[in-house]
$ cat input12.cif   # mmCIF, C-alpha atoms
data_structure
#
loop_
_atom_site.label_atom_id
_atom_site.label_comp_id
_atom_site.auth_asym_id
_atom_site.auth_seq_id
_atom_site.Cartn_x
_atom_site.Cartn_y
_atom_site.Cartn_z
CA MET I 1 1.11 46.48 122.49
CA LYS I 2 1.89 46.66 118.80
CA PRO I 3 3.78 43.69 117.24
CA LEU I 4 6.79 45.89 116.39
CA ASN I 5 7.10 47.07 120.00
CA ILE I 6 6.90 43.48 121.27
CA LEU I 7 9.68 42.50 118.88
CA LEU I 8 11.89 45.38 120.04
CA LEU I 9 11.28 44.51 123.68
CA THR I 10 12.17 40.87 123.03
CA CYS I 11 15.41 41.86 121.31
CA SER I 12 16.29 44.20 124.17
CA LEU I 13 15.77 41.46 126.74
CA THR I 14 17.85 39.05 124.67
CA VAL I 15 20.77 41.47 124.51
CA THR I 16 20.77 42.32 128.20
CA LEU I 17 20.41 38.78 129.56
CA PRO I 18 23.72 37.63 131.12
CA VAL I 19 25.69 34.98 129.24
CA TYR I 20 25.91 31.77 131.27
CA ALA I 21 29.43 31.15 132.53
CA ASP I 22 30.94 28.56 134.81
CA GLU I 23 33.92 28.40 137.18
CA ALA I 24 36.61 25.72 137.27
CA LYS I 25 39.23 24.98 139.89
CA VAL I 26 42.48 24.08 138.14
CA ALA I 27 45.66 22.51 139.53
CA VAL I 28 48.64 23.62 137.42
CA ALA I 29 52.26 22.47 137.50
CA ALA I 30 54.52 25.23 138.84
CA ASN I 31 56.79 25.19 135.78
CA PHE I 32 53.80 26.24 133.66
CA THR I 33 52.97 29.34 135.72
CA GLY I 34 54.03 31.94 133.16
CA PRO I 35 52.18 30.47 130.16
CA MET I 36 49.12 29.59 132.23
CA GLU I 37 48.70 33.14 133.50
CA LYS I 38 48.56 34.41 129.92
CA ILE I 39 46.36 31.56 128.72
CA ALA I 40 43.93 31.97 131.62
CA GLN I 41 43.51 35.68 130.94
CA ALA I 42 42.78 35.13 127.25
CA PHE I 43 40.51 32.16 128.01
CA GLU I 44 38.41 34.12 130.50
CA GLN I 45 38.06 37.09 128.15
CA GLU I 46 37.08 34.89 125.23
CA THR I 47 34.67 32.52 127.01
CA GLY I 48 33.39 34.42 130.04
CA HIS I 49 34.29 31.46 132.23
CA LYS I 50 36.26 31.89 135.45
CA LEU I 51 39.35 29.91 136.46
CA VAL I 52 40.54 29.50 140.04
CA ILE I 53 44.15 28.32 139.70
CA ALA I 54 46.54 26.73 142.18
CA TYR I 55 50.20 26.23 141.25
CA GLY I 56 52.36 23.54 142.79
CA THR I 57 54.05 20.16 142.46
CA VAL I 58 52.34 17.25 140.80
CA GLY I 59 53.17 14.95 143.73
CA LYS I 60 51.31 17.16 146.17
CA PHE I 61 48.41 17.65 143.78
CA TYR I 62 48.04 13.89 143.42
CA ALA I 63 47.83 13.47 147.19
CA GLN I 64 45.35 16.35 147.49
CA ILE I 65 43.10 15.02 144.74
CA LYS I 66 43.17 11.56 146.33
CA ASN I 67 42.06 13.20 149.57
CA GLY I 68 39.13 14.99 147.97
CA ALA I 69 40.53 18.38 146.93
CA PRO I 70 37.91 20.06 144.72
CA PHE I 71 40.01 20.40 141.56
CA GLU I 72 38.28 19.88 138.23
CA VAL I 73 41.26 20.00 135.87
CA LEU I 74 44.88 18.92 136.31
CA VAL I 75 47.50 20.57 134.09
CA SER I 76 50.34 18.28 135.07
CA SER I 77 54.12 18.37 134.72
CA ASP I 78 54.17 14.70 133.72
CA ASP I 79 52.09 12.09 131.95
CA GLU I 80 52.22 9.47 134.70
CA THR I 81 50.09 11.26 137.29
CA PRO I 82 47.09 11.77 134.98
CA ILE I 83 47.27 8.07 134.10
CA ARG I 84 47.35 7.14 137.79
CA LEU I 85 44.33 9.34 138.44
CA GLU I 86 42.46 7.63 135.60
CA LYS I 87 43.23 4.23 137.15
CA ASP I 88 42.09 5.55 140.53
CA GLY I 89 38.78 6.63 139.02
CA LEU I 90 39.56 10.27 139.76
CA ALA I 91 40.05 11.41 136.14
CA ILE I 92 37.88 10.92 133.07
CA ALA I 93 39.44 8.36 130.73
CA GLY I 94 39.82 9.31 127.09
CA ASN I 95 40.40 13.06 127.37
CA ARG I 96 44.03 13.16 128.53
CA PHE I 97 46.50 14.79 126.12
CA THR I 98 50.05 16.17 126.03
CA TYR I 99 49.90 19.96 125.96
CA ALA I 100 53.68 20.55 126.16
CA ILE I 101 57.07 18.88 126.43
CA GLY I 102 59.36 20.61 128.91
CA LYS I 103 63.14 21.04 129.04
CA LEU I 104 65.51 20.98 131.99
CA MET I 105 68.09 23.76 132.31
CA LEU I 106 71.11 24.37 134.50
CA TRP I 107 71.19 28.11 135.11
CA SER I 108 73.05 30.77 137.07
CA THR I 109 72.65 34.51 137.24
CA ARG I 110 76.44 34.75 137.12
CA PRO I 111 77.79 35.06 133.57
CA GLY I 112 80.41 32.45 132.78
CA LEU I 113 79.71 30.14 135.71
CA VAL I 114 77.70 27.57 133.76
CA ASP I 115 79.44 26.37 130.60
CA ASP I 116 77.73 24.98 127.51
CA ARG I 117 78.69 21.38 128.39
CA GLY I 118 77.74 21.32 132.05
CA GLU I 119 81.34 20.75 133.15
CA VAL I 120 80.71 23.02 136.13
CA LEU I 121 78.93 20.08 137.76
CA LYS I 122 82.10 17.99 137.57
CA ARG I 123 84.31 20.78 138.82
CA GLY I 124 82.00 21.46 141.75
CA ASP I 125 83.49 24.90 142.39
CA PHE I 126 80.36 26.31 143.96
CA LYS I 127 78.72 26.19 147.38
CA TYR I 128 75.05 25.49 146.63
CA LEU I 129 73.10 23.89 143.79
CA ALA I 130 69.30 24.29 143.84
CA ILE I 131 66.88 21.60 142.74
CA ALA I 132 63.16 21.02 143.25
CA ASN I 133 62.18 18.31 145.72
CA PRO I 134 62.61 15.14 143.65
CA LYS I 135 59.99 13.28 145.69
CA THR I 136 57.15 15.57 144.64
CA ALA I 137 58.45 17.64 141.69
CA VAL I 138 59.02 16.09 138.28
CA TYR I 139 61.76 18.57 137.34
CA GLY I 140 63.57 17.77 140.60
CA ALA I 141 63.47 14.05 139.82
CA ALA I 142 64.77 14.82 136.32
CA ALA I 143 67.67 16.82 137.80
CA VAL I 144 68.66 13.94 140.08
CA ARG I 145 68.51 11.51 137.17
CA ALA I 146 70.71 13.77 135.03
CA MET I 147 73.31 14.07 137.79
CA GLU I 148 73.30 10.30 138.29
CA LYS I 149 73.90 9.70 134.59
CA LEU I 150 76.74 12.21 134.65
CA GLY I 151 78.22 10.39 137.65
CA VAL I 152 78.25 13.50 139.85
CA TYR I 153 75.26 13.02 142.13
CA ALA I 154 77.11 11.51 145.10
CA ALA I 155 79.70 14.30 145.08
CA LEU I 156 77.11 17.06 144.72
CA GLU I 157 74.47 15.77 147.12
CA PRO I 158 75.92 17.68 150.13
CA LYS I 159 75.65 20.91 148.13
CA LEU I 160 72.01 20.50 147.15
CA VAL I 161 69.33 22.87 148.43
CA GLN I 162 65.78 21.80 147.71
CA GLY I 163 62.93 24.05 146.74
CA GLU I 164 59.43 22.92 147.55
CA ASN I 165 58.67 23.24 143.84
CA ILE I 166 60.36 24.50 140.69
CA THR I 167 59.20 28.07 141.41
CA GLN I 168 61.02 28.16 144.74
CA THR I 169 64.04 26.54 143.11
CA TYR I 170 64.09 29.32 140.54
CA GLN I 171 63.86 31.90 143.34
CA PHE I 172 66.82 30.36 145.18
CA THR I 173 68.86 30.65 142.00
CA ALA I 174 67.61 34.05 140.85
CA THR I 175 68.40 35.65 144.22
CA GLY I 176 71.86 34.10 144.37
CA ASN I 177 71.14 32.06 147.50
CA ALA I 178 72.30 29.17 145.34
CA GLU I 179 74.97 29.95 142.76
CA LEU I 180 73.24 27.74 140.20
CA GLY I 181 70.17 25.58 139.91
CA PHE I 182 68.24 23.12 137.80
CA VAL I 183 65.18 25.02 136.55
CA ALA I 184 62.61 24.70 133.79
CA LEU I 185 63.55 26.34 130.51
CA SER I 186 60.19 28.14 130.57
CA GLN I 187 61.30 30.06 133.67
CA ILE I 188 64.28 31.70 131.97
CA TYR I 189 63.05 31.93 128.39
CA LYS I 190 60.35 34.13 126.92
CA ASP I 191 59.63 35.35 123.39
CA GLY I 192 62.98 34.18 122.05
CA ARG I 193 65.16 35.62 124.81
CA TYR I 194 66.91 34.03 127.78
CA ALA I 195 67.28 35.60 131.19
CA GLU I 196 70.67 37.09 131.97
CA GLY I 197 73.42 34.85 133.31
CA SER I 198 74.83 31.55 132.06
CA ARG I 199 73.03 28.34 131.21
CA TRP I 200 73.23 24.81 129.89
CA VAL I 201 70.38 23.03 128.14
CA VAL I 202 70.56 19.60 129.75
CA PRO I 203 70.60 16.98 126.96
CA PRO I 204 67.24 15.16 126.87
CA GLU I 205 68.95 11.76 126.91
CA LEU I 206 70.04 12.43 130.51
CA TYR I 207 66.53 12.42 131.98
CA PRO I 208 63.07 10.98 131.25
CA ALA I 209 61.04 12.95 128.74
CA LEU I 210 59.07 15.72 130.42
CA ARG I 211 55.77 15.05 128.69
CA GLN I 212 53.22 17.28 130.37
CA ASP I 213 49.60 16.09 130.17
CA ALA I 214 46.31 17.75 131.03
CA VAL I 215 43.25 15.80 132.12
CA LEU I 216 39.66 16.39 133.15
CA LEU I 217 39.10 15.18 136.70
CA THR I 218 35.88 13.43 137.69
CA ARG I 219 34.72 16.51 139.60
CA GLY I 220 34.96 18.46 136.35
CA LYS I 221 32.59 16.29 134.34
CA GLY I 222 29.77 18.49 133.11
CA ASN I 223 31.54 21.68 134.19
CA ALA I 224 31.45 23.94 131.14
CA ALA I 225 34.52 25.95 132.17
CA ALA I 226 36.64 22.86 132.85
CA GLU I 227 35.73 21.20 129.58
CA ALA I 228 36.22 24.40 127.61
CA LEU I 229 39.67 24.94 129.12
CA LEU I 230 40.91 21.59 127.84
CA VAL I 231 39.67 22.49 124.37
CA TYR I 232 41.33 25.90 124.59
CA LEU I 233 44.69 24.39 125.57
CA LYS I 234 44.71 22.69 122.16
CA SER I 235 43.97 25.90 120.27
CA ASP I 236 46.45 27.75 118.09
CA ALA I 237 46.29 30.73 120.44
CA ALA I 238 47.29 28.64 123.46
CA LYS I 239 49.99 26.82 121.51
CA ALA I 240 51.53 30.13 120.47
CA VAL I 241 51.85 31.15 124.12
CA ILE I 242 53.25 27.75 125.12
CA ARG I 243 55.80 27.84 122.33
CA SER I 244 56.89 31.36 123.31
CA TYR I 245 58.13 29.94 126.63
CA GLY I 246 60.33 27.35 124.93
CA TYR I 247 58.11 24.28 125.22
CA GLU I 248 57.78 21.78 122.41
CA PHE I 249 54.82 19.62 121.45
#
$ encode --input "input12.cif" --output "structure tokens"
Amino acid sequence: MKPLNILLLTCSLTVTLPVYADEAKVAVAANFTGPMEKIAQAFEQETGHKLVIAYGTVGKFYAQIKNGAPFEVLVSSDDETPIRLEKDGLAIAGNRFTYAIGKLMLWSTRPGLVDDRGEVLKRGDFKYLAIANPKTAVYGAAAVRAMEKLGVYAALEPKLVQGENITQTYQFTATGNAELGFVALSQIYKDGRYAEGSRWVVPPELYPALRQDAVLLTRGKGNAAAEALLVYLKSDAAKAVIRSYGYEF
């Protein structure tokens, strides 16, 4: 075969060989569902890697990871759980970072029900108030803390309905099964617009800061997709998506 033909054949083989890609199993906090869906799509298109994503509460994820669940990345709703996993030897020390800071909202689909000072909580003129399970969901624990600081928790406790996670809490509120609920700002805010209804941005001094950290789990060490995802979460493209849902950094 002539040298030119060999060169052309080599180039052809190079072009048609598949690009190596990996797959990562990712545990993602429920409040981050909207941004993560967009980020995952862009990440897969750009890198060729595949993400298998589970959404849920950080408390349940911690228990699952402790019991051997095959997650390789945790995109948490807090900063404490990734630290605990590092101490347990289940996360790689030194790669944890804060990818977003969340905000707690009191929201109702009914216009005028929630005022801009949260006085509706003191009046208590409603039947049900939805919160996420405070034992497993960070936003639920933040809601309880806010009500305690406002001095209304004891009076409102009989009216509370608990969602398994912040997604279910949002659904309770969005469908009107609960007249109002404590949700994540990211669930009712997108591209500069709020969902219809009435709302109150809960002052950050009423609850612990919702610093949301991501971390590479020990099962993800050496997994190209897992490691690339953590890099991508720090990119300008990912930050633009995160910011569009009302998160801060």
$ resolve_selection --input "input12.cif" --expression "the PyMOL selection byres ((chain I and resi 195-201) around 12)" --output "PDB file with C-alpha atoms, in the frame of the given file"
ATOM      1  CA  GLY I 102      59.360  20.610 128.910  1.00  0.00           C
ATOM      2  CA  LYS I 103      63.140  21.040 129.040  1.00  0.00           C
ATOM      3  CA  LEU I 104      65.510  20.980 131.990  1.00  0.00           C
ATOM      4  CA  MET I 105      68.090  23.760 132.310  1.00  0.00           C
ATOM      5  CA  LEU I 106      71.110  24.370 134.500  1.00  0.00           C
ATOM      6  CA  TRP I 107      71.190  28.110 135.110  1.00  0.00           C
ATOM      7  CA  SER I 108      73.050  30.770 137.070  1.00  0.00           C
ATOM      8  CA  THR I 109      72.650  34.510 137.240  1.00  0.00           C
ATOM      9  CA  ARG I 110      76.440  34.750 137.120  1.00  0.00           C
ATOM     10  CA  PRO I 111      77.790  35.060 133.570  1.00  0.00           C
ATOM     11  CA  GLY I 112      80.410  32.450 132.780  1.00  0.00           C
ATOM     12  CA  LEU I 113      79.710  30.140 135.710  1.00  0.00           C
ATOM     13  CA  VAL I 114      77.700  27.570 133.760  1.00  0.00           C
ATOM     14  CA  ASP I 115      79.440  26.370 130.600  1.00  0.00           C
ATOM     15  CA  ASP I 116      77.730  24.980 127.510  1.00  0.00           C
ATOM     16  CA  ARG I 117      78.690  21.380 128.390  1.00  0.00           C
ATOM     17  CA  GLY I 118      77.740  21.320 132.050  1.00  0.00           C
ATOM     18  CA  GLU I 119      81.340  20.750 133.150  1.00  0.00           C
ATOM     19  CA  VAL I 120      80.710  23.020 136.130  1.00  0.00           C
ATOM     20  CA  LEU I 121      78.930  20.080 137.760  1.00  0.00           C
ATOM     21  CA  ALA I 143      67.670  16.820 137.800  1.00  0.00           C
ATOM     22  CA  ALA I 146      70.710  13.770 135.030  1.00  0.00           C
ATOM     23  CA  TYR I 170      64.090  29.320 140.540  1.00  0.00           C
ATOM     24  CA  THR I 173      68.860  30.650 142.000  1.00  0.00           C
ATOM     25  CA  ALA I 174      67.610  34.050 140.850  1.00  0.00           C
ATOM     26  CA  GLY I 176      71.860  34.100 144.370  1.00  0.00           C
ATOM     27  CA  GLU I 179      74.970  29.950 142.760  1.00  0.00           C
ATOM     28  CA  LEU I 180      73.240  27.740 140.200  1.00  0.00           C
ATOM     29  CA  GLY I 181      70.170  25.580 139.910  1.00  0.00           C
ATOM     30  CA  PHE I 182      68.240  23.120 137.800  1.00  0.00           C
ATOM     31  CA  VAL I 183      65.180  25.020 136.550  1.00  0.00           C
ATOM     32  CA  ALA I 184      62.610  24.700 133.790  1.00  0.00           C
ATOM     33  CA  LEU I 185      63.550  26.340 130.510  1.00  0.00           C
ATOM     34  CA  SER I 186      60.190  28.140 130.570  1.00  0.00           C
ATOM     35  CA  GLN I 187      61.300  30.060 133.670  1.00  0.00           C
ATOM     36  CA  ILE I 188      64.280  31.700 131.970  1.00  0.00           C
ATOM     37  CA  TYR I 189      63.050  31.930 128.390  1.00  0.00           C
ATOM     38  CA  LYS I 190      60.350  34.130 126.920  1.00  0.00           C
ATOM     39  CA  ASP I 191      59.630  35.350 123.390  1.00  0.00           C
ATOM     40  CA  GLY I 192      62.980  34.180 122.050  1.00  0.00           C
ATOM     41  CA  ARG I 193      65.160  35.620 124.810  1.00  0.00           C
ATOM     42  CA  TYR I 194      66.910  34.030 127.780  1.00  0.00           C
ATOM     43  CA  VAL I 202      70.560  19.600 129.750  1.00  0.00           C
ATOM     44  CA  PRO I 203      70.600  16.980 126.960  1.00  0.00           C
ATOM     45  CA  PRO I 204      67.240  15.160 126.870  1.00  0.00           C
ATOM     46  CA  GLU I 205      68.950  11.760 126.910  1.00  0.00           C
ATOM     47  CA  LEU I 206      70.040  12.430 130.510  1.00  0.00           C
ATOM     48  CA  TYR I 207      66.530  12.420 131.980  1.00  0.00           C
ATOM     49  CA  TYR I 245      58.130  29.940 126.630  1.00  0.00           C
ATOM     50  CA  GLY I 246      60.330  27.350 124.930  1.00  0.00           C
TER      51      GLY I 246
END
$ closest_residue --input "input12.cif" --among "I:Val138, I:Leu156, I:Ile101, I:Ala21" --to "Glu44 of chain I" --atoms "only C-alpha atoms"
I:Ala21
$ resolve_selection --input "input12.cif" --expression "the PyMOL selection byres ((chain I and resi 38) around 12)" --output "list in words"
Phe32, Thr33, Gly34, Pro35, Met36, Glu37, Ile39, Ala40, Gln41, Ala42, Phe43, Glu44, Gln45, Leu233, Ala237, Ala238, Lys239, Ala240, Val241, Ile242, Ser244 and Tyr245 of chain I
$ closest_residue --input "input12.cif" --among "I:Thr169, I:Lys234, I:Gly140, I:Pro134" --to "Phe249 of chain I" --atoms "all atoms listed in the file"
I:Lys234
$ closest_residue --input "input12.cif" --among "I:Lys221, I:Arg123, I:Arg211, I:Lys66" --to "Tyr247 of chain I" --atoms "only C-alpha atoms"
I:Arg211
$ resolve_selection --input "input12.cif" --expression "the PyMOL selection byres ((chain I and resi 85) around 10)" --output "list in words"
Tyr62, Ile65, Lys66, Leu74, Glu80, Thr81, Pro82, Ile83, Arg84, Glu86, Lys87, Asp88, Gly89, Leu90, Ala91, Ile92, Ala93, Val215, Leu216, Leu217 and Thr218 of chain I
$ atom_distance --input "input12.cif" --atom1 "atom CA of Val161 of chain I" --atom2 "atom CA of Ala130 of chain I"
4.8 Å
$ closest_atom_pairs --input "input12.cif" --of "segment 138-170 of chain I" --to "segment 51-60 of chain I" --cutoff "8 Å" --atoms "only C-alpha atoms" --output "JSON lines"
{"residue": "I:Val138", "atom": "CA", "partner": "I:Val58", "partner_atom": "CA", "distance": 7.2}
{"residue": "I:Glu164", "atom": "CA", "partner": "I:Thr57", "partner_atom": "CA", "distance": 7.9}
{"residue": "I:Asn165", "atom": "CA", "partner": "I:Thr57", "partner_atom": "CA", "distance": 5.7}
{"residue": "I:Ile166", "atom": "CA", "partner": "I:Thr57", "partner_atom": "CA", "distance": 7.9}
$ atom_distance --input "input12.cif" --atom1 "atom CA of Ala30 of chain I" --atom2 "atom CA of Ser77 of chain I"
8.0 Å
$ atom_distance --input "input12.cif" --atom1 "atom CA of Glu72 of chain I" --atom2 "atom CA of Ala226 of chain I"
6.4 Å
$ residues_near_point --input "input12.cif" --point "(50.0, 17.0, 129.2)" --cutoff "8 Å" --atoms "all atoms listed in the file" --output "PyMOL selection string"
chain I and resi 75-79+96-101+211-215
$ closest_residue --input "input12.cif" --among "I:Thr47, I:Thr167, I:Gln64, I:Asn95" --to "Leu230 of chain I" --atoms "only C-alpha atoms"
I:Asn95
